[in-house]
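This is protein23.pdb. It holds PDB, C-alpha atoms and all ligand atoms.
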ATOM      1  CA  MET D  27     -18.546 -25.430 -63.156
ATOM      2  CA  LYS D  28     -14.842 -24.522 -63.004
ATOM      3  CA  LYS D  29     -12.653 -26.062 -65.689
ATOM      4  CA  VAL D  30      -9.321 -27.212 -64.313
ATOM      5  CA  GLY D  31      -6.513 -28.484 -66.502
ATOM      6  CA  VAL D  32      -4.410 -31.477 -65.479
ATOM      7  CA  LEU D  33      -1.039 -31.667 -67.201
ATOM      8  CA  SER D  34      -1.272 -35.149 -68.722
ATOM      9  CA  LEU D  35       2.104 -35.926 -70.260
ATOM     10  CA  GLN D  36       3.200 -38.469 -67.670
ATOM     11  CA  GLY D  37       2.479 -39.422 -64.043
ATOM     12  CA  ASP D  38      -0.758 -39.767 -62.065
ATOM     13  CA  PHE D  39      -2.920 -37.281 -63.977
ATOM     14  CA  ALA D  40      -5.970 -39.607 -64.063
ATOM     15  CA  ALA D  41      -6.126 -39.722 -60.239
ATOM     16  CA  HIS D  42      -6.098 -35.896 -60.180
ATOM     17  CA  GLY D  43      -8.896 -35.802 -62.730
ATOM     18  CA  ALA D  44     -11.028 -38.049 -60.517
ATOM     19  CA  ALA D  45     -10.156 -36.004 -57.399
ATOM     20  CA  LEU D  46     -11.165 -32.771 -59.167
ATOM     21  CA  GLU D  47     -14.485 -34.334 -60.150
ATOM     22  CA  ARG D  48     -15.083 -35.392 -56.528
ATOM     23  CA  ALA D  49     -14.336 -31.812 -55.431
ATOM     24  CA  GLY D  50     -16.848 -30.443 -57.971
ATOM     25  CA  ALA D  51     -14.733 -29.280 -60.930
ATOM     26  CA  GLN D  52     -14.487 -30.379 -64.546
ATOM     27  CA  PRO D  53     -11.032 -31.783 -65.373
ATOM     28  CA  VAL D  54      -9.467 -31.075 -68.761
ATOM     29  CA  TYR D  55      -6.487 -33.238 -69.713
ATOM     30  CA  VAL D  56      -3.766 -30.931 -71.048
ATOM     31  CA  ARG D  57      -1.327 -32.367 -73.593
ATOM     32  CA  GLU D  58      -0.512 -29.336 -75.721
ATOM     33  CA  SER D  59      -0.462 -25.546 -75.364
ATOM     34  CA  ALA D  60      -3.842 -25.071 -77.069
ATOM     35  CA  ASP D  61      -5.504 -27.154 -74.306
ATOM     36  CA  LEU D  62      -4.731 -24.373 -71.792
ATOM     37  CA  ARG D  63      -7.225 -22.049 -73.451
ATOM     38  CA  SER D  64     -10.239 -21.145 -71.292
ATOM     39  CA  LEU D  65      -9.071 -22.997 -68.170
ATOM     40  CA  ASP D  66      -9.542 -21.545 -64.675
ATOM     41  CA  GLY D  67      -6.514 -23.302 -63.170
ATOM     42  CA  LEU D  68      -3.990 -26.083 -63.749
ATOM     43  CA  VAL D  69      -2.809 -29.102 -61.764
ATOM     44  CA  ILE D  70       0.695 -30.442 -62.362
ATOM     45  CA  PRO D  71       0.619 -34.024 -61.063
ATOM     46  CA  GLY D  72       3.150 -36.329 -59.470
ATOM     47  CA  GLY D  73       5.360 -38.486 -61.637
ATOM     48  CA  GLU D  74       8.934 -37.944 -62.701
ATOM     49  CA  SER D  75       9.750 -34.256 -62.944
ATOM     50  CA  THR D  76      12.750 -34.701 -65.272
ATOM     51  CA  THR D  77      10.639 -36.654 -67.769
ATOM     52  CA  MET D  78       7.773 -34.172 -67.542
ATOM     53  CA  LEU D  79      10.212 -31.326 -68.122
ATOM     54  CA  LYS D  80      11.569 -33.007 -71.267
ATOM     55  CA  LEU D  81       8.074 -33.626 -72.628
ATOM     56  CA  MET D  82       7.031 -30.028 -71.866
ATOM     57  CA  ARG D  83       9.806 -28.691 -74.070
ATOM     58  CA  PHE D  84       8.350 -30.294 -77.235
ATOM     59  CA  ASP D  85       5.685 -27.908 -78.467
ATOM     60  CA  GLY D  86       6.411 -24.866 -76.334
ATOM     61  CA  LEU D  87       4.292 -26.216 -73.483
ATOM     62  CA  PHE D  88       6.925 -25.211 -70.918
ATOM     63  CA  ASP D  89       6.636 -21.529 -71.881
ATOM     64  CA  ALA D  90       2.855 -21.775 -72.242
ATOM     65  CA  VAL D  91       2.471 -23.225 -68.713
ATOM     66  CA  ALA D  92       4.853 -20.577 -67.288
ATOM     67  CA  GLU D  93       2.748 -17.889 -68.968
ATOM     68  CA  PHE D  94      -0.497 -19.506 -67.709
ATOM     69  CA  GLY D  95       0.887 -19.520 -64.151
ATOM     70  CA  GLY D  96       1.606 -15.815 -64.494
ATOM     71  CA  ARG D  97      -2.138 -15.143 -64.503
ATOM     72  CA  LYS D  98      -3.999 -18.252 -63.207
ATOM     73  CA  PRO D  99      -3.681 -20.624 -60.210
ATOM     74  CA  VAL D 100      -1.415 -23.671 -60.483
ATOM     75  CA  PHE D 101      -1.385 -26.604 -58.023
ATOM     76  CA  GLY D 102       1.720 -28.798 -58.146
ATOM     77  CA  THR D 103       1.903 -32.124 -56.322
ATOM     78  CA  CYS D 104       5.230 -33.852 -55.705
ATOM     79  CA  ALA D 105       6.949 -33.787 -59.141
ATOM     80  CA  GLY D 106       4.554 -30.910 -59.900
ATOM     81  CA  ALA D 107       5.839 -29.056 -56.824
ATOM     82  CA  ILE D 108       9.386 -29.560 -58.128
ATOM     83  CA  LEU D 109       8.353 -28.070 -61.472
ATOM     84  CA  VAL D 110       6.791 -24.913 -59.997
ATOM     85  CA  ALA D 111       9.593 -24.192 -57.477
ATOM     86  CA  ASP D 112      12.091 -21.360 -57.976
ATOM     87  CA  GLU D 113      15.023 -23.525 -56.949
ATOM     88  CA  VAL D 114      15.584 -27.273 -57.381
ATOM     89  CA  SER D 115      18.416 -29.409 -56.005
ATOM     90  CA  GLY D 116      19.272 -33.113 -55.769
ATOM     91  CA  PRO D 117      20.051 -32.758 -58.719
ATOM     92  CA  ALA D 118      19.358 -29.235 -59.931
ATOM     93  CA  GLN D 119      17.104 -28.805 -62.955
ATOM     94  CA  GLU D 120      15.165 -26.127 -64.777
ATOM     95  CA  SER D 121      11.742 -25.168 -63.412
ATOM     96  CA  LEU D 122       8.790 -22.893 -64.083
ATOM     97  CA  ARG D 123       9.714 -20.602 -61.152
ATOM     98  CA  LEU D 124       6.161 -19.810 -60.129
ATOM     99  CA  MET D 125       6.758 -20.016 -56.357
ATOM    100  CA  ASP D 126       9.541 -18.683 -54.144
ATOM    101  CA  ILE D 127      10.432 -22.069 -52.616
ATOM    102  CA  ALA D 128      13.504 -24.290 -52.762
ATOM    103  CA  VAL D 129      12.977 -28.055 -53.042
ATOM    104  CA  GLU D 130      15.352 -30.974 -52.734
ATOM    105  CA  ARG D 131      14.309 -33.986 -54.807
ATOM    106  CA  ASN D 132      14.028 -37.494 -53.327
ATOM    107  CA  ALA D 133      15.112 -35.989 -50.015
ATOM    108  CA  TYR D 134      13.623 -38.630 -47.710
ATOM    109  CA  GLY D 135      16.357 -41.053 -48.787
ATOM    110  CA  ARG D 136      16.255 -44.474 -50.346
ATOM    111  CA  GLN D 137      15.314 -46.637 -47.348
ATOM    112  CA  ILE D 138      12.125 -44.836 -46.337
ATOM    113  CA  ASP D 139      11.367 -42.974 -49.529
ATOM    114  CA  SER D 140       7.638 -43.780 -49.666
ATOM    115  CA  ARG D 141       5.031 -44.016 -46.911
ATOM    116  CA  VAL D 142       1.433 -43.374 -45.931
ATOM    117  CA  THR D 143       1.098 -41.380 -42.731
ATOM    118  CA  GLN D 144      -1.282 -39.136 -40.761
ATOM    119  CA  ILE D 145      -0.552 -35.423 -40.606
ATOM    120  CA  GLU D 146      -2.257 -32.668 -38.634
ATOM    121  CA  PRO D 147      -2.711 -29.678 -40.970
ATOM    122  CA  GLU D 148      -2.204 -26.152 -39.588
ATOM    123  CA  PRO D 149      -5.216 -24.453 -37.935
ATOM    124  CA  GLU D 150      -5.504 -22.064 -40.909
ATOM    125  CA  PHE D 151      -6.028 -24.990 -43.294
ATOM    126  CA  LEU D 152      -8.580 -26.620 -40.982
ATOM    127  CA  ALA D 153     -10.476 -23.332 -40.612
ATOM    128  CA  ARG D 154     -10.596 -22.818 -44.385
ATOM    129  CA  THR D 155     -11.656 -26.401 -45.169
ATOM    130  CA  ALA D 156     -12.855 -28.774 -42.426
ATOM    131  CA  PRO D 157     -11.362 -30.119 -39.187
ATOM    132  CA  GLY D 158      -9.582 -33.448 -38.832
ATOM    133  CA  LYS D 159      -6.251 -35.140 -39.446
ATOM    134  CA  MET D 160      -5.231 -35.973 -42.981
ATOM    135  CA  GLU D 161      -3.830 -39.110 -44.549
ATOM    136  CA  ALA D 162      -0.725 -38.157 -46.528
ATOM    137  CA  VAL D 163       0.847 -40.402 -49.168
ATOM    138  CA  PHE D 164       4.519 -39.661 -49.871
ATOM    139  CA  ILE D 165       6.147 -41.295 -52.921
ATOM    140  CA  ARG D 166       9.816 -40.455 -53.422
ATOM    141  CA  ALA D 167       8.838 -36.989 -52.305
ATOM    142  CA  PRO D 168      10.940 -33.842 -52.316
ATOM    143  CA  ILE D 169      11.471 -31.787 -49.144
ATOM    144  CA  ILE D 170      10.694 -28.075 -49.248
ATOM    145  CA  ARG D 171      13.901 -26.634 -47.797
ATOM    146  CA  ARG D 172      13.042 -22.934 -47.995
ATOM    147  CA  THR D 173       9.877 -20.879 -48.366
ATOM    148  CA  GLY D 174       9.790 -17.174 -49.269
ATOM    149  CA  PRO D 175       8.216 -14.372 -47.204
ATOM    150  CA  ASP D 176       4.875 -14.600 -49.035
ATOM    151  CA  ALA D 177       4.424 -18.334 -48.463
ATOM    152  CA  ARG D 178       1.794 -19.717 -46.104
ATOM    153  CA  ILE D 179       2.598 -23.129 -44.683
ATOM    154  CA  LEU D 180      -0.662 -25.059 -44.417
ATOM    155  CA  ALA D 181       0.722 -28.423 -43.228
ATOM    156  CA  ARG D 182       4.021 -29.871 -42.048
ATOM    157  CA  TYR D 183       5.443 -33.360 -41.636
ATOM    158  CA  HIS D 184       8.314 -33.798 -39.162
ATOM    159  CA  GLY D 185       8.684 -30.014 -39.157
ATOM    160  CA  ASP D 186       9.118 -29.633 -42.925
ATOM    161  CA  PRO D 187       6.425 -27.842 -44.955
ATOM    162  CA  VAL D 188       4.402 -30.298 -47.077
ATOM    163  CA  LEU D 189       1.486 -28.067 -48.154
ATOM    164  CA  VAL D 190       2.345 -24.469 -49.061
ATOM    165  CA  GLU D 191       0.395 -21.647 -50.663
ATOM    166  CA  GLN D 192       1.811 -18.503 -52.219
ATOM    167  CA  GLY D 193      -0.704 -16.110 -53.660
ATOM    168  CA  ARG D 194      -2.700 -17.973 -56.297
ATOM    169  CA  HIS D 195      -0.451 -21.047 -56.317
ATOM    170  CA  LEU D 196      -0.396 -24.172 -54.161
ATOM    171  CA  VAL D 197       2.038 -27.085 -53.779
ATOM    172  CA  SER D 198       2.006 -30.341 -51.822
ATOM    173  CA  THR D 199       4.852 -32.821 -51.540
ATOM    174  CA  PHE D 200       2.332 -35.577 -50.753
ATOM    175  CA  HIS D 201      -0.454 -36.915 -53.005
ATOM    176  CA  PRO D 202      -3.953 -35.734 -51.967
ATOM    177  CA  GLU D 203      -5.339 -37.205 -55.211
ATOM    178  CA  LEU D 204      -4.653 -40.724 -53.885
ATOM    179  CA  THR D 205      -6.944 -40.539 -50.836
ATOM    180  CA  ALA D 206     -10.680 -39.960 -50.443
ATOM    181  CA  ASP D 207     -10.057 -36.674 -48.558
ATOM    182  CA  SER D 208     -11.050 -33.827 -50.927
ATOM    183  CA  ARG D 209      -9.985 -30.908 -48.706
ATOM    184  CA  VAL D 210      -6.773 -30.005 -50.562
ATOM    185  CA  HIS D 211      -8.459 -30.018 -53.967
ATOM    186  CA  ALA D 212     -11.379 -28.069 -52.481
ATOM    187  CA  LEU D 213      -8.945 -25.458 -51.170
ATOM    188  CA  PHE D 214      -7.395 -25.158 -54.635
ATOM    189  CA  LEU D 215     -10.826 -24.708 -56.223
ATOM    190  CA  GLU D 216     -11.493 -21.842 -53.782
ATOM    191  CA  LYS D 217      -8.554 -20.022 -55.361
ATOM    192  CA  LEU D 218      -9.952 -20.096 -58.914
TER     193      LEU D 218
HETATM  194  N1  LIG J 301      10.930 -38.302 -57.315
HETATM  195  C1  LIG J 301      10.149 -37.632 -58.313
HETATM  196  C2  LIG J 301      10.938 -36.491 -58.950
HETATM  197  O1  LIG J 301      11.983 -36.149 -58.503
HETATM  198  C3  LIG J 301       8.850 -37.114 -57.741
HETATM  199  C4  LIG J 301       8.008 -38.266 -57.230
HETATM  200  C5  LIG J 301       6.523 -38.056 -57.293
HETATM  201  O2  LIG J 301       6.007 -37.180 -57.986
HETATM  202  N2  LIG J 301       5.796 -38.917 -56.626
HETATM  203  O3  LIG J 301      10.523 -35.933 -59.911
END
Step by step, read the file and then write its structure as structure tokens.
Amino acid sequence: MKKVGVLSLQGDFAAHGAALERAGAQPVYVRESADLRSLDGLVIPGGESTTMLKLMRFDGLFDAVAEFGGRKPVFGTCAGAILVADEVSGPAQESLRLMDIAVERNAYGRQIDSRVTQIEPEPEFLARTAPGKMEAVFIRAPIIRRTGPDARILARYHGDPVLVEQGRHLVSTFHPELTADSRVHALFLEKL
């Protein structure tokens, strides 16, 4: 069984652990650099990216995760997507720079910043997983404003990319760990 780390400093790491189990992987809760040893991939969960960033600086975890992402798949959801992006605005902050995307934090605005909605993933995603619409939970989500030439957009919401793959890495601005639909986690496990 694949062993997948879940960065567990802050945020909804427990929900990702449960989602990984449902998708058939063994979650490992990562709190320090040594926990990254012998993992096949890593999930960076939703939460508050600024706080996660601060906590990652403590024992060299920031550099260890950047190094891990240089050789193994990383899946970032929401705050996790902000952490793996090359470019962050709204406000700007440091990031791991694992994917050639630009994200704007909290970009849906204050009035309608969180919602549960139905999205229709791109045909490529449906072909690689299973057909059917997907429930997408957005919680103070960022908007992906730019994707690089190697990115594959696997789902959009109101025209903006919300599920994007680039090589071994994957990001979603919504929270697939909060619904019973395992397709996004299953797709990530295919990459390991
Ligand atoms: N708004 C958060 C941030 O900027 C992300 C929210 C989330 O992960 N649900 O870090």
Could you tell me which residues the PyMOL selection byres (((not hetatm)) within 7 of (chain J and resi 301)) returns for this structure, as a PDB file with C-alpha atoms, in the coordinates of the input?
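Result file follows (selection_34.pdb):
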ATOM      1  CA  PRO D  71       0.619 -34.024 -61.063  1.00  0.00           C
ATOM      2  CA  GLY D  72       3.150 -36.329 -59.470  1.00  0.00           C
ATOM      3  CA  GLY D  73       5.360 -38.486 -61.637  1.00  0.00           C
ATOM      4  CA  GLU D  74       8.934 -37.944 -62.701  1.00  0.00           C
ATOM      5  CA  SER D  75       9.750 -34.256 -62.944  1.00  0.00           C
ATOM      6  CA  THR D  76      12.750 -34.701 -65.272  1.00  0.00           C
ATOM      7  CA  THR D 103       1.903 -32.124 -56.322  1.00  0.00           C
ATOM      8  CA  CYS D 104       5.230 -33.852 -55.705  1.00  0.00           C
ATOM      9  CA  ALA D 105       6.949 -33.787 -59.141  1.00  0.00           C
ATOM     10  CA  GLY D 106       4.554 -30.910 -59.900  1.00  0.00           C
ATOM     11  CA  ILE D 108       9.386 -29.560 -58.128  1.00  0.00           C
ATOM     12  CA  ARG D 131      14.309 -33.986 -54.807  1.00  0.00           C
ATOM     13  CA  ASN D 132      14.028 -37.494 -53.327  1.00  0.00           C
ATOM     14  CA  PHE D 164       4.519 -39.661 -49.871  1.00  0.00           C
ATOM     15  CA  ILE D 165       6.147 -41.295 -52.921  1.00  0.00           C
ATOM     16  CA  ARG D 166       9.816 -40.455 -53.422  1.00  0.00           C
ATOM     17  CA  ALA D 167       8.838 -36.989 -52.305  1.00  0.00           C
ATOM     18  CA  PRO D 168      10.940 -33.842 -52.316  1.00  0.00           C
TER      19      PRO D 168
END
### Task
Could you tell me which residues the PyMOL selection byres (((chain D and resi 179) around 7) and not hetatm) grabs in this file, written as an MDAnalysis selection string?
chainID D and resid 177:178 180:181 187 189:191
### Query
Which residue gives the smallest distance to Ser208 in chain D among D:Ala51, D:Met78, D:Leu122, D:Ala60, with all atoms listed in the file counted?
D:Ala51
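Considering the residues D:Phe84, D:Phe151, D:Tyr55, D:Phe101 and counting all atoms listed in the file, Leu196 in chain D has its shortest atom-to-atom contact with D:Phe101.
Relative to CA of Phe88 in chain D, CA of Leu109 in chain D is found at 10.0 Å.
Within a radius of 10 Å around (4.0, -48.6, -49.4), the polymer residues are Ile138, Asp139, Ser140, Arg141, Val142, Val163, Phe164 and Ile165 of chain D, counting all atoms listed in the file.
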### Query
For Leu46 in chain D, which of D:Asp61, D:Asp186, D:Ala107, D:Leu68 is the closest residue, counting all atoms listed in the file?
D:Leu68
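Using all atoms listed in the file for every distance, the candidate list D:Glu120, D:Glu161, D:Glu216, D:Glu93 yields D:Glu161 as the residue closest to Leu204 in chain D.
Between CA of Gly95 in chain D and CA of Leu124 in chain D there is a distance of 6.6 Å.
Here CA of Leu62 in chain D is placed at a distance of 6.9 Å from CA of Gly31 in chain D.
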Evaluated on this file, the PyMOL selection byres (((chain D and resi 156) around 12) and not hetatm) picks out some residues - which ones are they, written as a tab-separated table (two decimals) with C-alpha atoms, in the frame of the given file?
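Everything below was put into selection.tsv:
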chain	number	residue	atom	x	y	z
D	146	GLU	CA	-2.26	-32.67	-38.63
D	147	PRO	CA	-2.71	-29.68	-40.97
D	148	GLU	CA	-2.20	-26.15	-39.59
D	149	PRO	CA	-5.22	-24.45	-37.94
D	150	GLU	CA	-5.50	-22.06	-40.91
D	151	PHE	CA	-6.03	-24.99	-43.29
D	152	LEU	CA	-8.58	-26.62	-40.98
D	153	ALA	CA	-10.48	-23.33	-40.61
D	154	ARG	CA	-10.60	-22.82	-44.38
D	155	THR	CA	-11.66	-26.40	-45.17
D	157	PRO	CA	-11.36	-30.12	-39.19
D	158	GLY	CA	-9.58	-33.45	-38.83
D	159	LYS	CA	-6.25	-35.14	-39.45
D	160	MET	CA	-5.23	-35.97	-42.98
D	207	ASP	CA	-10.06	-36.67	-48.56
D	208	SER	CA	-11.05	-33.83	-50.93
D	209	ARG	CA	-9.98	-30.91	-48.71
D	210	VAL	CA	-6.77	-30.00	-50.56
D	212	ALA	CA	-11.38	-28.07	-52.48
D	213	LEU	CA	-8.94	-25.46	-51.17
Would you mind exporting range 182-195 of chain D with N, CA, C and O atoms, as an mmCIF file, in the first residue's frame?
data_model
loop_
_atom_site.group_PDB
_atom_site.id
_atom_site.type_symbol
_atom_site.label_atom_id
_atom_site.label_comp_id
_atom_site.auth_asym_id
_atom_site.auth_seq_id
_atom_site.Cartn_x
_atom_site.Cartn_y
_atom_site.Cartn_z
ATOM 1 N N ARG D 182 -12.690 23.415 -13.974
ATOM 2 C CA ARG D 182 -12.821 24.873 -13.839
ATOM 3 C C ARG D 182 -14.110 25.187 -13.090
ATOM 4 O O ARG D 182 -15.052 24.399 -13.111
ATOM 5 N N TYR D 183 -14.135 26.372 -12.505
ATOM 6 C CA TYR D 183 -15.368 26.901 -11.900
ATOM 7 C C TYR D 183 -15.478 28.349 -12.352
ATOM 8 O O TYR D 183 -14.535 29.124 -12.147
ATOM 9 N N HIS D 184 -16.590 28.682 -13.013
ATOM 10 C CA HIS D 184 -16.768 30.024 -13.587
ATOM 11 C C HIS D 184 -15.567 30.422 -14.454
ATOM 12 O O HIS D 184 -15.115 31.566 -14.405
ATOM 13 N N GLY D 185 -15.030 29.460 -15.177
ATOM 14 C CA GLY D 185 -13.938 29.742 -16.111
ATOM 15 C C GLY D 185 -12.542 29.677 -15.503
ATOM 16 O O GLY D 185 -11.557 29.545 -16.221
ATOM 17 N N ASP D 186 -12.428 29.779 -14.183
ATOM 18 C CA ASP D 186 -11.104 29.749 -13.562
ATOM 19 C C ASP D 186 -10.702 28.306 -13.244
ATOM 20 O O ASP D 186 -11.529 27.525 -12.765
ATOM 21 N N PRO D 187 -9.420 27.974 -13.449
ATOM 22 C CA PRO D 187 -8.975 26.612 -13.111
ATOM 23 C C PRO D 187 -9.106 26.352 -11.607
ATOM 24 O O PRO D 187 -8.743 27.215 -10.804
ATOM 25 N N VAL D 188 -9.635 25.197 -11.236
ATOM 26 C CA VAL D 188 -9.758 24.848 -9.810
ATOM 27 C C VAL D 188 -9.095 23.511 -9.486
ATOM 28 O O VAL D 188 -8.931 23.162 -8.310
ATOM 29 N N LEU D 189 -8.715 22.764 -10.535
ATOM 30 C CA LEU D 189 -7.975 21.506 -10.353
ATOM 31 C C LEU D 189 -6.940 21.464 -11.476
ATOM 32 O O LEU D 189 -7.307 21.451 -12.647
ATOM 33 N N VAL D 190 -5.663 21.507 -11.097
ATOM 34 C CA VAL D 190 -4.590 21.649 -12.093
ATOM 35 C C VAL D 190 -3.464 20.675 -11.761
ATOM 36 O O VAL D 190 -3.072 20.529 -10.600
ATOM 37 N N GLU D 191 -2.950 20.066 -12.817
ATOM 38 C CA GLU D 191 -1.848 19.106 -12.677
ATOM 39 C C GLU D 191 -0.644 19.653 -13.443
ATOM 40 O O GLU D 191 -0.811 20.241 -14.507
ATOM 41 N N GLN D 192 0.521 19.487 -12.897
ATOM 42 C CA GLN D 192 1.737 19.812 -13.655
ATOM 43 C C GLN D 192 2.773 18.754 -13.331
ATOM 44 O O GLN D 192 3.285 18.713 -12.206
ATOM 45 N N GLY D 193 3.026 17.908 -14.291
ATOM 46 C CA GLY D 193 3.953 16.803 -14.051
ATOM 47 C C GLY D 193 3.470 15.970 -12.879
ATOM 48 O O GLY D 193 2.324 15.540 -12.848
ATOM 49 N N ARG D 194 4.323 15.793 -11.878
ATOM 50 C CA ARG D 194 3.946 14.915 -10.758
ATOM 51 C C ARG D 194 3.050 15.607 -9.734
ATOM 52 O O ARG D 194 2.512 14.948 -8.849
ATOM 53 N N HIS D 195 2.878 16.904 -9.840
ATOM 54 C CA HIS D 195 2.142 17.643 -8.806
ATOM 55 C C HIS D 195 0.695 17.963 -9.196
ATOM 56 O O HIS D 195 0.360 18.041 -10.381
#
